[in-house]
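Chemist: I'd like to ask some things about the structure below.
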Amino acid sequence: MVPDVSRGNRTIGLLHYLYRTSDIEAHVDPHFVAAYDPHLPDPGRDPNATFSELAADLDLWVNALGDKAPKKHVWHCPVRTAPGDRALSDEEWATVARRVLAAAGIAPDGDDQACRWIAVRHAPDHIHIVATLVRADRTRPRHHKDGTRAQAECRKIEKEFGLRRLKEGDGTAAKRPTSAERHKAERLGQDATSRELLREHVHRALAAADEAEFFDRLAAEGVRIKKRLAPSGDALGYSVAKVGDRNKAGEPIWFSGSKLAPDLSLPRIRERFAAATDMPEPPVALERSGASAPVRARHFAAEATDSALTSFTAGDDSVAAAQLMGVGEVLDALAQTSFGPTQTELREAAVHFERATRSHIRAEREEMYALRRAAHQIIRSGSALGRGQDGAATALVLDIMILTVIAAARWHAARGHAQQAEAAQQTAAHLRAAYQATAPGPLAAMRAYGQHLPAQSRRHHAATARTALPHLAEHLQAEPGWDALTAVLDQAERAGHDTTALLAKAAAQRELDSAASISEVLVWRLQHLGYVTQPASAPRSRRPRTEPAPAVPAPAAVAHQEANRSRRR
């Protein structure tokens with residue numbers, strides 16, 4: 001159950017909206033469920049009642065104060081049940097309204113001098129509570145932290161009414177869009193409000209290397225930018241606006257960075273860039289690789305993310321908090337450089353994980369430099385096509401990212417960060433979907449390679465598995481991913497690696513019991529280890545074969561050939 005407190009200055013304008021049904025399909029049968037006066041005429045039930053009379057009644061004490069009345073005297077609080085909750089009766093909603101008003105300090109129980117209010121229902125899943133912020137004794141209500149208190153009361157109501165239990169906040173969440181912003185987005189046919197869309201634009205621009213590039217990237221996304229300048233000409237802050245989003249006066253509607261989210265103010269963004277000033281260059285092994293730039297960038301991101309994974313069990317919370325921010329930037333970068341269903345799921349993952357990056361724990365921002373470097377390289381390397389080596393590298397980094405986000409969820413849960421833990425869990429679900437959209441192509445190419453290997457080679461790689469992992473070998477050979485694992489072992493051996501040692505090292509990196517497919521997990525670990533680890537010596541001479549090596553291309557080429565055949569068909 002979600003309450004959403006806001007304030008306004010026109011009682012009658014809000015009433016017109018609440019009772020409007022002609023152009024808002026979701027508004028059905030608007031009517032009171034409760035009011036400060038049970039005999040107050042309801043425009044939804046009484047044909048003689050008018051909006052102007054109702055507004056005048058609610059504004060009575062406000063108007064009595066004249067010029068001393070508060071400018072924003074309208075207290076507005078929609079209260080909505082969660083998707084999947086049962087429909088509450090009007091009587092139950094009346095109870096909700098009274099309890100929220102009492103908890104917020106607007107109309108305490110038994111207070112005959114309390115503010116005037118109504119609660120209107122015009123949809124099955126929510127009500128709108130409207131009050132005017134002057135009491136009968138001409139004083140202001142004591143409604144400090146009314147939103148927080150309303151949230152706490154709703155948590156109690158959920159338990160008592162048998163509704164879905166939402167997570168308690170800790171004051172670190174970004175400001176939610178107001179009801180007016182959501183209604184405007186609906187009218188304009190937008191999937192999200194301008195505030196939410198701008199927040200996403202700013203987060204994507206954080207992949208920049210410095211402040212100048214940050215503003216350049218924002219401008220490239222079509223965002224209007226207004227800087228607040230000091231006399232010296234240096235920027236003190238910034239605001240952004242969506243093109244075409246204007247108020248009634250025709251002026252752009254601006255949002256400062258801090259209004260979008262606490263960590264998006266210019267000083268906080270500068271801290272990120274300062275922490276990245278002395279970023280080290282990528283590992284030499286990556287620079288020597290003959291792979292494409294997107295592949296190299298994703299392998300570097302996998303390395304950085306894998307290192308971040310250990311932060312969540314190392315016990316240093318400030319380091320872990322910084323790594324969370326870095327993982328969020330890598331997610332944003334992957335979402336910007338992917339295509340199709342993978343991109344769709346990664347964008348959703350990035351939106352959810354943004355909530356998981358914020359808590360009251362102070363981040364040691366210099367600890368995120370490797371992940372910032374990885375995000376920057378992903379952006380600079382360009383888009384990954386999603387097939388061949390690009391697809392394999394994306395699937396690899398997603399496999400590691402899933403583990404990291406799950407670890408982040410556990411880290412948050414252990415510290416009582418309920419909302420952040422839930423956000424991380426939702427992120428993991430979208431990452432799994434992105435993996436499922438990405439991995440089948442590369443895995444199919446590897447399986448084709450493995451299936452074409454001579455029988456002697458396959459027996460040799462099976463013996464390697466028995467030597468390296470005697471307790472798992474039989475299980476691995478029974479999995480559908482065994483052919484792909486055989487292909488990777490074959491390629492690693494041809495590159496000069498000791499595959500027995502490499503396979504044992506891959507299995508020892510972390511537990512395998514929770515894996516849906518152990519062979520798939522080992523495929524990506526081996527690919528990454530083989531990519532960043534140089535062989536101890538030059539490629540060894542192959543042992544004598546009684547059967548020739550398979551005359552099939554590498555997995556990337558197989559995928560490319562399959563794509564060409566599909567296009568010809």
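Note on naming: chains are A, B, ... as they come in the structure tokens, residues start from 1 per chain, ligands start from 1 in the order shown.
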For A:Leu163, find every residue with an atom within 6 Å (counting only C-alpha atoms), except residues of its own chain fewer than 2 positions away, and show them as a list in words.
Modeler: Asp85, Glu158 and Phe161 of chain A
Chemist: Please return as JSON, numbers by chain: the residues of stretch 367-529 of chain A that backbone DSSP assigns to helix (DSSP H, G or I).
Modeler: {"A": [367, 368, 369, 370, 371, 372, 373, 374, 375, 376, 377, 378, 379, 380, 381, 388, 389, 390, 391, 392, 393, 394, 395, 396, 397, 398, 399, 400, 401, 402, 403, 404, 405, 406, 407, 408, 409, 410, 411, 412, 413, 414, 418, 419, 420, 421, 422, 423, 424, 425, 426, 427, 428, 429, 430, 431, 432, 433, 434, 435, 436, 437, 438, 440, 441, 442, 443, 444, 445, 446, 447, 448, 449, 450, 451, 455, 456, 457, 458, 459, 460, 461, 462, 463, 464, 465, 466, 467, 468, 473, 474, 475, 476, 477, 478, 482, 483, 484, 485, 486, 487, 488, 489, 490, 491, 492, 493, 494, 499, 500, 501, 502, 503, 504, 505, 506, 507, 508, 518, 519, 520, 521, 522, 523, 524, 525, 526, 527, 528, 529]}
Chemist: Ranking A:Lys242, A:His203, A:Arg155, A:Arg138 by minimum distance to A:Gln190 and counting only C-alpha atoms, which one comes first?
Modeler: A:Lys242
Chemist: Taking only C-alpha atoms into account, which of A:Arg362, A:Arg165, A:Arg246, A:Arg272 comes nearest A:Gln151?
Modeler: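 Using only C-alpha atoms, the shortest distance to A:Gln151 belongs to A:Arg165.
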Chemist: Find the residue from A:Glu348, A:Arg135, A:His126, A:Gly237 that sits nearest to A:Ala82; use only C-alpha atoms when measuring.
Modeler: A:His126
Chemist: Could you pull the residues within 12 Å of A:Leu334, counting only C-alpha atoms, minus those fewer than 3 positions along the same chain, as a ChimeraX atom specification?
Modeler: /A:204,207,294-295,297-298,301-302,327-331,337-339,342-350,374-386,390,393-395,397-398,401,431,434
Chemist: Counting only C-alpha atoms, which of A:Leu453, A:Ala209, A:Val351, A:Leu101 gets nearest to A:Tyr369?
Modeler: A:Ala209
Chemist: What residues in stretch 111-355 of chain A get the DSSP label strand (DSSP E)? Please answer as a count of residues only.
Modeler: 31
Chemist: Identify, on the basis of only C-alpha atoms, every residue whose closest approach to A:Ala304 does not exceed 7 Å; exclude the query and any residue fewer than 4 positions from it along the same chain; express the result as a PyMOL selection string.
Modeler: chain A and resi 300+308+370-371
Chemist: With only C-alpha atoms as the counted atoms, please give the residues lying no more than 12 Å from A:Arg164, apart from itself and same-chain residues fewer than 3 positions off, as a ChimeraX atom specification.
Modeler: /A:1-2,80-86,154-161,167
Chemist: Taking only residues of stretch 481-504 of chain A that have an atom at most 7 Å from an atom of stretch 510-534 of chain A, what is each one's shortest atom pair and its distance in Å to one decimal, using only C-alpha atoms, in chain and number order, as a Markdown table?
Modeler:
```
| residue | atom | partner | partner_atom | distance |
| --- | --- | --- | --- | --- |
| A:Gly481 | CA | A:Ser519 | CA | 5.3 |
| A:Trp482 | CA | A:Ser519 | CA | 5.9 |
| A:Ala484 | CA | A:Val523 | CA | 7.0 |
| A:Leu485 | CA | A:Val523 | CA | 5.3 |
| A:Val488 | CA | A:Val523 | CA | 6.5 |
| A:Ala492 | CA | A:Gly530 | CA | 6.5 |
| A:Leu503 | CA | A:Leu526 | CA | 6.8 |
```
Chemist: What does the file look like for those residues with N, CA, C and O atoms, as a PDB file, in the first residue's frame?
Modeler:
```pdb
ATOM      1  N   GLY A 481      24.932 -28.970 -21.760  1.00  0.00           N
ATOM      2  CA  GLY A 481      26.032 -28.053 -22.014  1.00  0.00           C
ATOM      3  C   GLY A 481      27.393 -28.728 -22.128  1.00  0.00           C
ATOM      4  O   GLY A 481      28.404 -28.031 -22.331  1.00  0.00           O
ATOM      5  N   TRP A 482      27.433 -30.067 -22.027  1.00  0.00           N
ATOM      6  CA  TRP A 482      28.729 -30.747 -22.064  1.00  0.00           C
ATOM      7  C   TRP A 482      29.454 -30.521 -23.394  1.00  0.00           C
ATOM      8  O   TRP A 482      30.672 -30.307 -23.428  1.00  0.00           O
ATOM      9  N   ALA A 484      29.371 -27.934 -25.330  1.00  0.00           N
ATOM     10  CA  ALA A 484      29.953 -26.598 -25.319  1.00  0.00           C
ATOM     11  C   ALA A 484      31.196 -26.557 -24.442  1.00  0.00           C
ATOM     12  O   ALA A 484      32.202 -25.920 -24.793  1.00  0.00           O
ATOM     13  N   LEU A 485      31.145 -27.245 -23.308  1.00  0.00           N
ATOM     14  CA  LEU A 485      32.307 -27.290 -22.416  1.00  0.00           C
ATOM     15  C   LEU A 485      33.466 -28.009 -23.089  1.00  0.00           C
ATOM     16  O   LEU A 485      34.625 -27.596 -22.981  1.00  0.00           O
ATOM     17  N   VAL A 488      35.192 -25.595 -25.459  1.00  0.00           N
ATOM     18  CA  VAL A 488      36.055 -24.614 -24.802  1.00  0.00           C
ATOM     19  C   VAL A 488      37.340 -25.283 -24.324  1.00  0.00           C
ATOM     20  O   VAL A 488      38.433 -24.703 -24.435  1.00  0.00           O
ATOM     21  N   ALA A 492      41.031 -24.161 -25.519  1.00  0.00           N
ATOM     22  CA  ALA A 492      42.032 -23.775 -24.522  1.00  0.00           C
ATOM     23  C   ALA A 492      43.299 -24.596 -24.681  1.00  0.00           C
ATOM     24  O   ALA A 492      44.417 -24.075 -24.572  1.00  0.00           O
ATOM     25  N   LEU A 503      40.586 -26.017 -15.691  1.00  0.00           N
ATOM     26  CA  LEU A 503      39.247 -26.452 -15.313  1.00  0.00           C
ATOM     27  C   LEU A 503      39.115 -26.511 -13.797  1.00  0.00           C
ATOM     28  O   LEU A 503      38.083 -26.102 -13.234  1.00  0.00           O
TER      29      LEU A 503
END
```
Chemist: Which distance in Å separates atom CA of A:Ser292 and atom CA of A:Ala428, to one decimal?
Modeler: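 Interatomic distance, atom CA of A:Ser292 to atom CA of A:Ala428: 27.5 Å.
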Chemist: Got a sec: who's within 12 Å of A:Pro38, counting only C-alpha atoms, leaving out chain neighbours fewer than 4 positions off, as a PyMOL selection string?
Modeler: chain A and resi 32-34+42+94+116-119
Chemist: Take the selection from the previous step and output its residues with all heavy atoms, as a PDB file, in the first residue's frame.
Modeler:
```
ATOM      1  N   PHE A  32     -17.324   9.836  -2.530  1.00  0.00           N
ATOM      2  CA  PHE A  32     -16.714   9.847  -1.198  1.00  0.00           C
ATOM      3  C   PHE A  32     -16.715   8.427  -0.624  1.00  0.00           C
ATOM      4  O   PHE A  32     -17.683   7.676  -0.780  1.00  0.00           O
ATOM      5  CB  PHE A  32     -17.531  10.696  -0.208  1.00  0.00           C
ATOM      6  CG  PHE A  32     -17.455  12.179  -0.417  1.00  0.00           C
ATOM      7  CD1 PHE A  32     -18.304  13.021   0.303  1.00  0.00           C
ATOM      8  CD2 PHE A  32     -16.559  12.759  -1.290  1.00  0.00           C
ATOM      9  CE1 PHE A  32     -18.265  14.383   0.146  1.00  0.00           C
ATOM     10  CE2 PHE A  32     -16.501  14.128  -1.463  1.00  0.00           C
ATOM     11  CZ  PHE A  32     -17.358  14.943  -0.744  1.00  0.00           C
ATOM     12  N   VAL A  33     -15.644   8.091   0.075  1.00  0.00           N
ATOM     13  CA  VAL A  33     -15.695   6.932   0.964  1.00  0.00           C
ATOM     14  C   VAL A  33     -15.729   7.415   2.413  1.00  0.00           C
ATOM     15  O   VAL A  33     -16.139   6.687   3.315  1.00  0.00           O
ATOM     16  CB  VAL A  33     -14.500   5.972   0.758  1.00  0.00           C
ATOM     17  CG1 VAL A  33     -14.568   5.313  -0.609  1.00  0.00           C
ATOM     18  CG2 VAL A  33     -13.172   6.684   0.954  1.00  0.00           C
ATOM     19  N   ALA A  34     -15.278   8.653   2.621  1.00  0.00           N
ATOM     20  CA  ALA A  34     -15.311   9.256   3.961  1.00  0.00           C
ATOM     21  C   ALA A  34     -15.065  10.751   3.806  1.00  0.00           C
ATOM     22  O   ALA A  34     -14.567  11.218   2.779  1.00  0.00           O
ATOM     23  CB  ALA A  34     -14.247   8.629   4.872  1.00  0.00           C
ATOM     24  N   ASP A  42     -21.899  15.123  -1.638  1.00  0.00           N
ATOM     25  CA  ASP A  42     -20.911  14.482  -2.508  1.00  0.00           C
ATOM     26  C   ASP A  42     -21.310  14.693  -3.975  1.00  0.00           C
ATOM     27  O   ASP A  42     -22.359  14.195  -4.402  1.00  0.00           O
ATOM     28  CB  ASP A  42     -20.854  12.989  -2.186  1.00  0.00           C
ATOM     29  CG  ASP A  42     -19.892  12.222  -3.069  1.00  0.00           C
ATOM     30  OD1 ASP A  42     -19.198  12.836  -3.899  1.00  0.00           O
ATOM     31  OD2 ASP A  42     -19.827  10.980  -2.931  1.00  0.00           O
ATOM     32  N   ALA A  94     -12.389   3.800   3.879  1.00  0.00           N
ATOM     33  CA  ALA A  94     -12.675   4.876   4.837  1.00  0.00           C
ATOM     34  C   ALA A  94     -11.786   4.744   6.072  1.00  0.00           C
ATOM     35  O   ALA A  94     -11.248   5.738   6.586  1.00  0.00           O
ATOM     36  CB  ALA A  94     -14.146   4.840   5.238  1.00  0.00           C
ATOM     37  N   ARG A 116     -10.200  20.193   7.583  1.00  0.00           N
ATOM     38  CA  ARG A 116     -11.301  19.620   6.798  1.00  0.00           C
ATOM     39  C   ARG A 116     -10.708  18.724   5.695  1.00  0.00           C
ATOM     40  O   ARG A 116      -9.678  19.051   5.111  1.00  0.00           O
ATOM     41  CB  ARG A 116     -12.145  20.732   6.188  1.00  0.00           C
ATOM     42  CG  ARG A 116     -12.856  21.565   7.253  1.00  0.00           C
ATOM     43  CD  ARG A 116     -13.882  22.506   6.687  1.00  0.00           C
ATOM     44  NE  ARG A 116     -14.752  23.010   7.749  1.00  0.00           N
ATOM     45  CZ  ARG A 116     -15.912  23.629   7.539  1.00  0.00           C
ATOM     46  NH1 ARG A 116     -16.348  23.835   6.301  1.00  0.00           N
ATOM     47  NH2 ARG A 116     -16.645  24.047   8.563  1.00  0.00           N
ATOM     48  N   TRP A 117     -11.395  17.631   5.406  1.00  0.00           N
ATOM     49  CA  TRP A 117     -10.847  16.670   4.457  1.00  0.00           C
ATOM     50  C   TRP A 117     -11.950  15.818   3.823  1.00  0.00           C
ATOM     51  O   TRP A 117     -13.064  15.715   4.353  1.00  0.00           O
ATOM     52  CB  TRP A 117      -9.832  15.752   5.140  1.00  0.00           C
ATOM     53  CG  TRP A 117     -10.427  14.941   6.285  1.00  0.00           C
ATOM     54  CD1 TRP A 117     -10.511  15.324   7.585  1.00  0.00           C
ATOM     55  CD2 TRP A 117     -11.038  13.646   6.191  1.00  0.00           C
ATOM     56  NE1 TRP A 117     -11.134  14.344   8.331  1.00  0.00           N
ATOM     57  CE2 TRP A 117     -11.473  13.295   7.499  1.00  0.00           C
ATOM     58  CE3 TRP A 117     -11.275  12.752   5.160  1.00  0.00           C
ATOM     59  CZ2 TRP A 117     -12.113  12.089   7.777  1.00  0.00           C
ATOM     60  CZ3 TRP A 117     -11.911  11.541   5.429  1.00  0.00           C
ATOM     61  CH2 TRP A 117     -12.319  11.221   6.723  1.00  0.00           C
ATOM     62  N   ILE A 118     -11.627  15.209   2.702  1.00  0.00           N
ATOM     63  CA  ILE A 118     -12.481  14.209   2.051  1.00  0.00           C
ATOM     64  C   ILE A 118     -11.585  13.095   1.524  1.00  0.00           C
ATOM     65  O   ILE A 118     -10.375  13.290   1.345  1.00  0.00           O
ATOM     66  CB  ILE A 118     -13.293  14.802   0.871  1.00  0.00           C
ATOM     67  CG1 ILE A 118     -12.339  15.393  -0.190  1.00  0.00           C
ATOM     68  CG2 ILE A 118     -14.291  15.845   1.356  1.00  0.00           C
ATOM     69  CD1 ILE A 118     -13.039  15.824  -1.467  1.00  0.00           C
ATOM     70  N   ALA A 119     -12.175  11.933   1.292  1.00  0.00           N
ATOM     71  CA  ALA A 119     -11.463  10.821   0.647  1.00  0.00           C
ATOM     72  C   ALA A 119     -12.333  10.338  -0.511  1.00  0.00           C
ATOM     73  O   ALA A 119     -13.474   9.921  -0.306  1.00  0.00           O
ATOM     74  CB  ALA A 119     -11.203   9.693   1.638  1.00  0.00           C
TER      75      ALA A 119
END
```
Chemist: List the spatial neighbours of A:Thr404 as a ChimeraX atom specification - criterion: any atom at most 10 Å away, only C-alpha atoms, same-chain residues fewer than 6 positions off excluded.
Modeler: /A:305-312,324,327,398,410,424,428
Chemist: When distances are computed from only C-alpha atoms, which of A:His183, A:Arg7, A:Arg373, A:Arg355 shows the smallest separation from A:Gln425?
Modeler: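 Closest to A:Gln425 of all the choices is A:Arg355.
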Chemist: Record the distance separating atom CA of A:His144 and atom CA of A:Ala103, expressed in Å with one decimal.
Modeler: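 Atom CA of A:Ala103 lies 10.7 Å from atom CA of A:His144.
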Chemist: Could you please determine the separation between atom CA of A:Lys71 and atom CA of A:Arg10 in Å, to one decimal place?
Modeler: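 Distance between the two atoms: 9.4 Å.
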Chemist: From the options A:Leu18, A:Ala291, A:Ser457, A:Phe214, which residue's atoms come nearest to A:Gly388, counting only C-alpha atoms?
Modeler: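 Using only C-alpha atoms, the shortest distance to A:Gly388 belongs to A:Ala291.
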